[in-house]
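Listing of structure12.txt; format and content: compact mmCIF, C-alpha atoms.
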```
# COMPACT_ATOMS: atom_id res chain seq x y z
CA MET A 351 53.59 101.57 98.03
CA SER A 352 50.17 102.85 97.03
CA THR A 353 49.87 106.48 96.05
CA ASN A 354 46.12 106.48 96.66
CA ALA A 355 45.34 109.47 98.90
CA ARG A 356 43.19 107.29 101.14
CA ASP A 357 46.18 105.02 101.80
CA MET A 358 48.57 107.78 102.85
CA PRO A 359 49.00 108.41 106.60
CA ARG A 360 47.88 111.84 107.75
CA ARG A 361 48.91 113.71 110.86
CA GLU A 362 46.44 113.91 113.75
CA GLY A 363 48.22 115.78 116.50
CA GLN A 364 51.51 113.95 116.99
CA PHE A 365 50.18 110.71 115.53
CA GLU A 366 49.83 109.76 111.89
CA ARG A 367 46.41 108.72 110.70
CA GLU A 368 46.61 105.07 109.76
CA PRO A 369 45.81 103.92 106.21
CA ALA A 370 42.39 102.32 105.70
CA ARG A 371 42.83 98.62 104.89
CA ARG A 372 40.68 96.87 102.31
CA VAL A 373 39.40 93.69 103.94
CA PHE A 374 36.51 91.32 103.25
CA ALA A 375 33.87 90.61 105.89
CA ALA A 376 34.83 86.93 105.96
CA GLU A 377 38.32 87.80 107.19
CA LEU A 378 37.36 90.64 109.53
CA ARG A 379 34.88 88.46 111.42
CA GLU A 380 37.71 86.03 112.27
CA CYS A 381 39.67 88.72 114.15
CA ARG A 382 40.20 87.91 117.83
CA TYR A 383 43.23 89.99 118.77
CA GLN A 384 43.58 93.75 119.20
CA PHE A 385 46.35 95.82 120.75
CA LYS A 386 47.61 99.36 121.30
CA ASP A 387 50.79 100.53 119.62
CA GLY A 388 52.39 102.73 122.28
CA GLU A 389 51.88 103.73 125.90
CA ASP A 390 50.17 107.08 125.28
CA GLU A 391 46.40 107.14 125.83
CA LYS A 392 46.05 108.48 122.28
CA SER A 393 48.14 105.68 120.80
CA PRO A 394 46.22 103.91 118.03
CA THR A 395 44.47 100.60 118.66
CA PHE A 396 44.85 97.90 116.05
CA VAL A 397 42.97 94.75 115.12
CA LEU A 398 45.31 92.03 113.83
CA LEU A 399 43.98 90.43 110.65
CA PRO A 400 44.47 86.64 110.43
CA SER A 401 46.36 87.21 107.16
CA GLY A 402 49.06 89.00 109.15
CA GLU A 403 48.45 92.74 108.84
CA ARG A 404 47.47 95.21 111.55
CA SER A 405 44.44 97.37 110.89
CA ASN A 406 43.46 100.54 112.71
CA ARG A 407 41.01 101.71 110.04
CA ILE A 408 39.26 99.85 107.24
CA PHE A 409 37.62 100.84 103.97
CA ILE A 410 34.63 98.71 102.94
CA VAL A 411 31.98 98.88 100.24
CA GLY A 412 28.83 96.79 100.25
CA THR A 413 25.07 96.83 100.55
CA LEU A 414 23.54 98.48 103.60
CA THR A 415 20.78 95.93 104.16
CA GLU A 416 19.36 97.27 107.41
CA LYS A 417 19.83 99.91 110.07
CA THR A 418 18.30 100.48 113.49
CA ARG A 419 18.21 103.48 115.79
CA GLN A 420 18.85 102.73 119.44
CA GLY A 421 18.91 104.73 122.65
CA GLU A 422 17.36 108.08 123.50
CA GLN A 423 19.79 110.30 125.39
CA ASN A 424 22.79 108.44 123.97
CA MET A 425 21.33 107.75 120.55
CA PHE A 426 23.25 105.72 118.01
CA TYR A 427 22.64 103.75 114.82
CA ARG A 428 23.59 100.18 114.02
CA GLY A 429 23.68 98.76 110.53
CA ARG A 430 24.60 95.73 108.47
CA VAL A 431 26.75 96.11 105.37
CA VAL A 432 27.04 93.01 103.19
CA ASP A 433 29.87 92.25 100.77
CA PRO A 434 30.20 89.08 98.63
CA THR A 435 31.79 87.20 101.56
CA GLY A 436 29.57 88.10 104.52
CA THR A 437 28.38 90.87 106.83
CA PHE A 438 30.05 93.84 108.49
CA PHE A 439 28.37 95.24 111.60
CA VAL A 440 28.68 99.03 111.67
CA MET A 441 27.68 101.68 114.20
CA ALA A 442 27.78 105.44 114.62
CA GLY A 443 26.84 107.41 117.71
CA SER A 444 27.22 110.75 119.44
CA TYR A 445 31.02 110.54 119.32
CA GLN A 446 30.75 110.42 115.52
CA PRO A 447 27.98 113.03 114.95
CA GLU A 448 28.71 113.57 111.25
CA ALA A 449 28.84 109.83 110.55
CA MET A 450 25.66 109.31 112.57
CA GLN A 451 23.84 111.94 110.52
CA GLN A 452 25.09 110.35 107.29
CA LEU A 453 23.91 106.89 108.35
CA ALA A 454 20.58 108.27 109.59
CA LYS A 455 19.80 109.66 106.12
CA ILE A 456 20.49 106.46 104.17
CA GLU A 457 17.53 104.16 103.60
CA PRO A 458 18.43 100.50 102.93
CA PRO A 459 19.04 98.75 100.68
CA GLN A 460 21.76 100.82 99.02
CA PHE A 461 25.42 100.39 98.12
CA VAL A 462 27.57 102.33 100.58
CA ALA A 463 31.26 103.09 101.07
CA VAL A 464 32.39 103.09 104.70
CA ILE A 465 35.60 104.19 106.36
CA GLY A 466 35.79 103.30 110.02
CA LYS A 467 37.66 101.69 112.89
CA ALA A 468 37.26 98.01 113.66
CA SER A 469 37.00 96.90 117.30
CA ILE A 470 36.55 93.53 118.95
CA TYR A 471 33.87 93.18 121.62
CA GLN A 472 32.97 90.32 123.93
CA LYS A 473 29.80 90.55 126.04
CA ASP A 474 31.06 87.96 128.53
CA PRO A 475 33.84 85.34 128.69
CA ALA A 476 31.48 82.61 127.46
CA SER A 477 30.33 84.46 124.34
CA ALA A 478 32.12 84.57 121.01
CA PRO A 479 33.97 87.82 120.18
CA LEU A 480 32.21 90.19 117.80
CA VAL A 481 33.86 92.63 115.41
CA SER A 482 32.16 95.98 114.89
CA VAL A 483 33.12 98.94 112.72
CA ARG A 484 32.77 102.42 114.22
CA VAL A 485 31.89 104.59 111.24
CA GLU A 486 33.96 107.67 110.43
CA SER A 487 32.18 108.30 107.12
CA ILE A 488 29.51 106.54 105.08
CA THR A 489 28.29 107.56 101.63
CA VAL A 490 25.98 106.09 99.00
CA VAL A 491 27.81 104.72 95.94
CA ASP A 492 26.87 102.83 92.77
CA LYS A 493 27.34 99.19 91.78
CA ASP A 494 30.43 99.96 89.70
CA THR A 495 32.13 101.41 92.79
CA ARG A 496 31.19 98.32 94.77
CA ASP A 497 32.60 96.05 92.06
CA LEU A 498 35.84 98.04 91.89
CA TRP A 499 36.18 97.75 95.67
CA VAL A 500 35.74 93.96 95.46
CA LEU A 501 38.53 93.86 92.89
CA ASP A 502 40.72 96.11 95.07
CA ALA A 503 39.99 94.17 98.28
CA ALA A 504 40.75 90.89 96.51
CA MET A 505 44.12 92.21 95.33
CA HIS A 506 45.02 93.41 98.83
CA THR A 507 43.91 90.09 100.34
CA LEU A 508 45.99 88.08 97.88
CA ASP A 509 49.00 90.30 98.57
CA ARG A 510 48.63 89.68 102.32
CA VAL A 511 48.33 85.92 101.82
CA ASP A 512 51.43 85.88 99.59
CA ALA A 513 53.40 87.93 102.14
CA PHE A 514 52.26 85.63 104.95
CA ALA A 515 54.04 82.71 103.29
CA LYS A 516 57.22 84.64 102.46
CA GLU A 517 57.92 87.44 104.93
CA PRO A 518 58.09 86.70 108.68
CA THR A 519 57.27 90.25 109.84
CA PRO A 520 56.42 90.82 113.52
CA ASP A 521 52.72 91.12 112.65
CA ILE A 522 52.76 87.89 110.63
CA LEU A 523 54.53 86.06 113.45
CA LYS A 524 51.94 87.40 115.90
CA ALA A 525 49.11 86.29 113.57
CA LYS A 526 50.56 82.77 113.43
CA GLU A 527 50.61 82.78 117.24
CA GLN A 528 47.11 84.25 117.69
CA TYR A 529 45.35 82.32 114.90
CA PRO A 530 47.04 78.88 114.90
CA THR A 531 43.97 77.10 113.48
CA ILE A 532 43.38 79.47 110.56
CA ASP A 533 45.01 78.65 107.23
CA PRO A 534 45.55 81.97 105.39
CA SER A 535 45.08 80.17 102.07
CA LEU A 536 41.39 80.16 103.00
CA PHE A 537 41.36 83.90 102.31
CA ARG A 538 42.83 83.30 98.85
CA LYS A 539 39.78 81.17 98.03
CA ILE A 540 37.48 83.78 99.56
CA ALA A 541 39.04 86.48 97.35
CA TYR A 542 38.58 84.42 94.17
CA ASP A 543 35.01 83.50 95.16
CA ALA A 544 34.24 87.19 95.70
CA LEU A 545 35.67 88.08 92.28
CA ALA A 546 33.49 85.39 90.70
CA GLN A 547 30.38 87.13 92.03
CA ILE A 548 30.98 90.41 90.20
CA LYS A 549 30.80 91.16 86.51
CA MET A 550 33.35 93.73 85.42
```

Could you render the structure from this file as structure tokens?
Amino acid sequence: MSTNARDMPRREGQFEREPARRVFAAELRECRYQFKDGEDEKSPTFVLLPSGERSNRIFIVGTLTEKTRQGEQNMFYRGRVVDPTGTFFVMAGSYQPEAMQQLAKIEPPQFVAVIGKASIYQKDPASAPLVSVRVESITVVDKDTRDLWVLDAAMHTLDRVDAFAKEPTPDILKAKEQYPTIDPSLFRKIAYDALAQIKM
């Protein structure tokens, strides 16, 4: 088990704060299933990654390529954060005032580190689901930090893919049920392709 402070659950009321998963954009955008763990209204909501791990919060690092301010009374910011595999869509609004102020101050393009909660949205039954990250914190970082995150995210991705083939946990079984057409070995290739794009 990781001893990284960001990975350790922390108490929020009676619930533990979930660890922030390292996941590439190419995998997150394939998510189609989310669920609550518990009956309480404050029970955490999870997105199930196709590689077989639940994720309440994620930790991403990439290039903030654009941001837009929307709304007047209920103002919020949307942004795009790009990693070597694709694009994360992020947002911060009045319910995340500190994160919104952080995002408002950052002028693209810059490398950023983001911790946030992933959610799946669908505008109507005919449209494809979209995955968005509600920002809890966003800070400017350097290229070395981005490259280290790519290395870290690749290691976590490969670990998930290996576990998928060996350990039939409830989450892995649910992923096989929810994503029958997705071969997890695809994410192994994505991880190696991402590593090939950085120079350590």

* To do: Select all residues near (24.7, 109.6, 113.5) (cut-off 12 Å, inclusive, file coordinates), counting only C-alpha atoms, and output them as a PyMOL selection string.
  => chain A and resi 417-421+424-429+440-456+484-488

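Counting only C-alpha atoms, the residue from A:Glu368, A:Glu403, A:Glu422, A:Glu389 that sits nearest to His506 in chain A is A:Glu403.
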
* **Computed interatomic separation between CA of Phe439 in chain A and CA of Thr519 in chain A (Å)** => 29.4 Å

* **Selected residue of minimal separation from Asp521 in chain A among A:Phe396, A:Asp390, A:Ala376, A:Ile465, counting only C-alpha atoms** => A:Phe396

* Considering only C-alpha atoms, state which residue in the set A:Thr413, A:Leu398, A:Ser393, A:Cys381 is at the smallest distance from Gln472 in chain A. =>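 Of A:Thr413, A:Leu398, A:Ser393, A:Cys381, the one nearest Gln472 in chain A is A:Cys381, counting only C-alpha atoms.
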
* Contacts of range 528-538 of chain A at 8 Å (all atoms listed in the file; same-chain gap of 5+ positions) as a ChimeraX atom specification -> /A:377,382-383,400-401,507-508,511,514

* Asked: Using all atoms listed in the file, which of the listed residues (A:Gly388, A:Ala463, A:Lys549, A:Arg407) sits closest to Asp433 in chain A?
  ->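 For Asp433 in chain A, the nearest of the candidates is A:Ala463.
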
Put range 442-473 of chain A into a file with N, CA and C atoms, as a PDB file, in the first residue's frame.
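Wrote it out as result.pdb, contents follow:
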```pdb
ATOM      1  N   ALA A 442     -15.092  24.244 -12.217  1.00  0.00           N
ATOM      2  CA  ALA A 442     -15.141  24.704 -10.832  1.00  0.00           C
ATOM      3  C   ALA A 442     -16.130  25.851 -10.754  1.00  0.00           C
ATOM      4  N   GLY A 443     -17.033  25.769  -9.780  1.00  0.00           N
ATOM      5  CA  GLY A 443     -18.057  26.796  -9.648  1.00  0.00           C
ATOM      6  C   GLY A 443     -18.207  27.276  -8.225  1.00  0.00           C
ATOM      7  N   SER A 444     -19.377  27.822  -7.928  1.00  0.00           N
ATOM      8  CA  SER A 444     -19.604  28.465  -6.631  1.00  0.00           C
ATOM      9  C   SER A 444     -19.554  27.479  -5.468  1.00  0.00           C
ATOM     10  N   TYR A 445     -19.762  26.190  -5.751  1.00  0.00           N
ATOM     11  CA  TYR A 445     -19.664  25.197  -4.678  1.00  0.00           C
ATOM     12  C   TYR A 445     -18.215  24.850  -4.363  1.00  0.00           C
ATOM     13  N   GLN A 446     -17.310  25.271  -5.238  1.00  0.00           N
ATOM     14  CA  GLN A 446     -15.868  25.080  -5.022  1.00  0.00           C
ATOM     15  C   GLN A 446     -15.186  26.443  -5.160  1.00  0.00           C
ATOM     16  N   PRO A 447     -15.499  27.402  -4.256  1.00  0.00           N
ATOM     17  CA  PRO A 447     -15.021  28.786  -4.434  1.00  0.00           C
ATOM     18  C   PRO A 447     -13.494  28.897  -4.494  1.00  0.00           C
ATOM     19  N   GLU A 448     -12.796  28.132  -3.659  1.00  0.00           N
ATOM     20  CA  GLU A 448     -11.336  28.214  -3.663  1.00  0.00           C
ATOM     21  C   GLU A 448     -10.778  27.684  -4.978  1.00  0.00           C
ATOM     22  N   ALA A 449     -11.318  26.550  -5.432  1.00  0.00           N
ATOM     23  CA  ALA A 449     -10.865  25.978  -6.704  1.00  0.00           C
ATOM     24  C   ALA A 449     -11.205  26.908  -7.866  1.00  0.00           C
ATOM     25  N   MET A 450     -12.372  27.555  -7.790  1.00  0.00           N
ATOM     26  CA  MET A 450     -12.771  28.466  -8.867  1.00  0.00           C
ATOM     27  C   MET A 450     -11.818  29.658  -8.933  1.00  0.00           C
ATOM     28  N   GLN A 451     -11.426  30.168  -7.784  1.00  0.00           N
ATOM     29  CA  GLN A 451     -10.480  31.286  -7.760  1.00  0.00           C
ATOM     30  C   GLN A 451      -9.113  30.860  -8.301  1.00  0.00           C
ATOM     31  N   GLN A 452      -8.693  29.642  -7.947  1.00  0.00           N
ATOM     32  CA  GLN A 452      -7.415  29.135  -8.454  1.00  0.00           C
ATOM     33  C   GLN A 452      -7.446  29.030  -9.970  1.00  0.00           C
ATOM     34  N   LEU A 453      -8.515  28.434 -10.509  1.00  0.00           N
ATOM     35  CA  LEU A 453      -8.629  28.258 -11.955  1.00  0.00           C
ATOM     36  C   LEU A 453      -8.735  29.598 -12.670  1.00  0.00           C
ATOM     37  N   ALA A 454      -9.448  30.557 -12.047  1.00  0.00           N
ATOM     38  CA  ALA A 454      -9.625  31.870 -12.652  1.00  0.00           C
ATOM     39  C   ALA A 454      -8.292  32.595 -12.859  1.00  0.00           C
ATOM     40  N   LYS A 455      -7.334  32.331 -11.975  1.00  0.00           N
ATOM     41  CA  LYS A 455      -6.051  33.046 -12.020  1.00  0.00           C
ATOM     42  C   LYS A 455      -5.048  32.442 -12.999  1.00  0.00           C
ATOM     43  N   ILE A 456      -5.291  31.225 -13.460  1.00  0.00           N
ATOM     44  CA  ILE A 456      -4.326  30.546 -14.328  1.00  0.00           C
ATOM     45  C   ILE A 456      -4.619  30.852 -15.785  1.00  0.00           C
ATOM     46  N   GLU A 457      -3.618  31.359 -16.491  1.00  0.00           N
ATOM     47  CA  GLU A 457      -3.772  31.677 -17.905  1.00  0.00           C
ATOM     48  C   GLU A 457      -3.135  30.569 -18.745  1.00  0.00           C
ATOM     49  N   PRO A 458      -3.914  29.901 -19.601  1.00  0.00           N
ATOM     50  CA  PRO A 458      -3.360  28.843 -20.448  1.00  0.00           C
ATOM     51  C   PRO A 458      -2.380  29.428 -21.469  1.00  0.00           C
ATOM     52  N   PRO A 459      -1.474  28.596 -22.002  1.00  0.00           N
ATOM     53  CA  PRO A 459      -1.256  27.200 -21.616  1.00  0.00           C
ATOM     54  C   PRO A 459      -0.233  27.099 -20.490  1.00  0.00           C
ATOM     55  N   GLN A 460      -0.526  26.260 -19.511  1.00  0.00           N
ATOM     56  CA  GLN A 460       0.406  25.990 -18.419  1.00  0.00           C
ATOM     57  C   GLN A 460       0.176  24.573 -17.919  1.00  0.00           C
ATOM     58  N   PHE A 461       1.249  23.958 -17.401  1.00  0.00           N
ATOM     59  CA  PHE A 461       1.109  22.660 -16.751  1.00  0.00           C
ATOM     60  C   PHE A 461       0.400  22.878 -15.416  1.00  0.00           C
ATOM     61  N   VAL A 462      -0.579  22.019 -15.133  1.00  0.00           N
ATOM     62  CA  VAL A 462      -1.322  22.130 -13.879  1.00  0.00           C
ATOM     63  C   VAL A 462      -1.499  20.749 -13.245  1.00  0.00           C
ATOM     64  N   ALA A 463      -1.582  20.747 -11.925  1.00  0.00           N
ATOM     65  CA  ALA A 463      -1.928  19.543 -11.169  1.00  0.00           C
ATOM     66  C   ALA A 463      -3.339  19.745 -10.624  1.00  0.00           C
ATOM     67  N   VAL A 464      -4.198  18.755 -10.829  1.00  0.00           N
ATOM     68  CA  VAL A 464      -5.606  18.865 -10.450  1.00  0.00           C
ATOM     69  C   VAL A 464      -6.012  17.681  -9.590  1.00  0.00           C
ATOM     70  N   ILE A 465      -6.647  17.973  -8.465  1.00  0.00           N
ATOM     71  CA  ILE A 465      -7.340  16.942  -7.693  1.00  0.00           C
ATOM     72  C   ILE A 465      -8.819  17.276  -7.771  1.00  0.00           C
ATOM     73  N   GLY A 466      -9.628  16.281  -8.104  1.00  0.00           N
ATOM     74  CA  GLY A 466     -11.052  16.544  -8.236  1.00  0.00           C
ATOM     75  C   GLY A 466     -11.870  15.273  -8.276  1.00  0.00           C
ATOM     76  N   LYS A 467     -13.163  15.434  -8.419  1.00  0.00           N
ATOM     77  CA  LYS A 467     -14.092  14.307  -8.449  1.00  0.00           C
ATOM     78  C   LYS A 467     -14.657  14.150  -9.855  1.00  0.00           C
ATOM     79  N   ALA A 468     -14.550  12.928 -10.366  1.00  0.00           N
ATOM     80  CA  ALA A 468     -15.065  12.645 -11.701  1.00  0.00           C
ATOM     81  C   ALA A 468     -16.552  12.305 -11.622  1.00  0.00           C
ATOM     82  N   SER A 469     -17.326  12.806 -12.588  1.00  0.00           N
ATOM     83  CA  SER A 469     -18.751  12.502 -12.675  1.00  0.00           C
ATOM     84  C   SER A 469     -19.114  12.265 -14.134  1.00  0.00           C
ATOM     85  N   ILE A 470     -20.118  11.430 -14.332  1.00  0.00           N
ATOM     86  CA  ILE A 470     -20.583  11.117 -15.683  1.00  0.00           C
ATOM     87  C   ILE A 470     -21.891  11.858 -15.924  1.00  0.00           C
ATOM     88  N   TYR A 471     -21.952  12.572 -17.045  1.00  0.00           N
ATOM     89  CA  TYR A 471     -23.145  13.328 -17.397  1.00  0.00           C
ATOM     90  C   TYR A 471     -23.663  12.872 -18.754  1.00  0.00           C
ATOM     91  N   GLN A 472     -24.973  12.954 -18.931  1.00  0.00           N
ATOM     92  CA  GLN A 472     -25.582  12.646 -20.217  1.00  0.00           C
ATOM     93  C   GLN A 472     -26.693  13.655 -20.454  1.00  0.00           C
ATOM     94  N   LYS A 473     -26.555  14.476 -21.495  1.00  0.00           N
ATOM     95  CA  LYS A 473     -27.527  15.542 -21.745  1.00  0.00           C
ATOM     96  C   LYS A 473     -28.908  14.976 -22.044  1.00  0.00           C
TER      97      LYS A 473
END
```
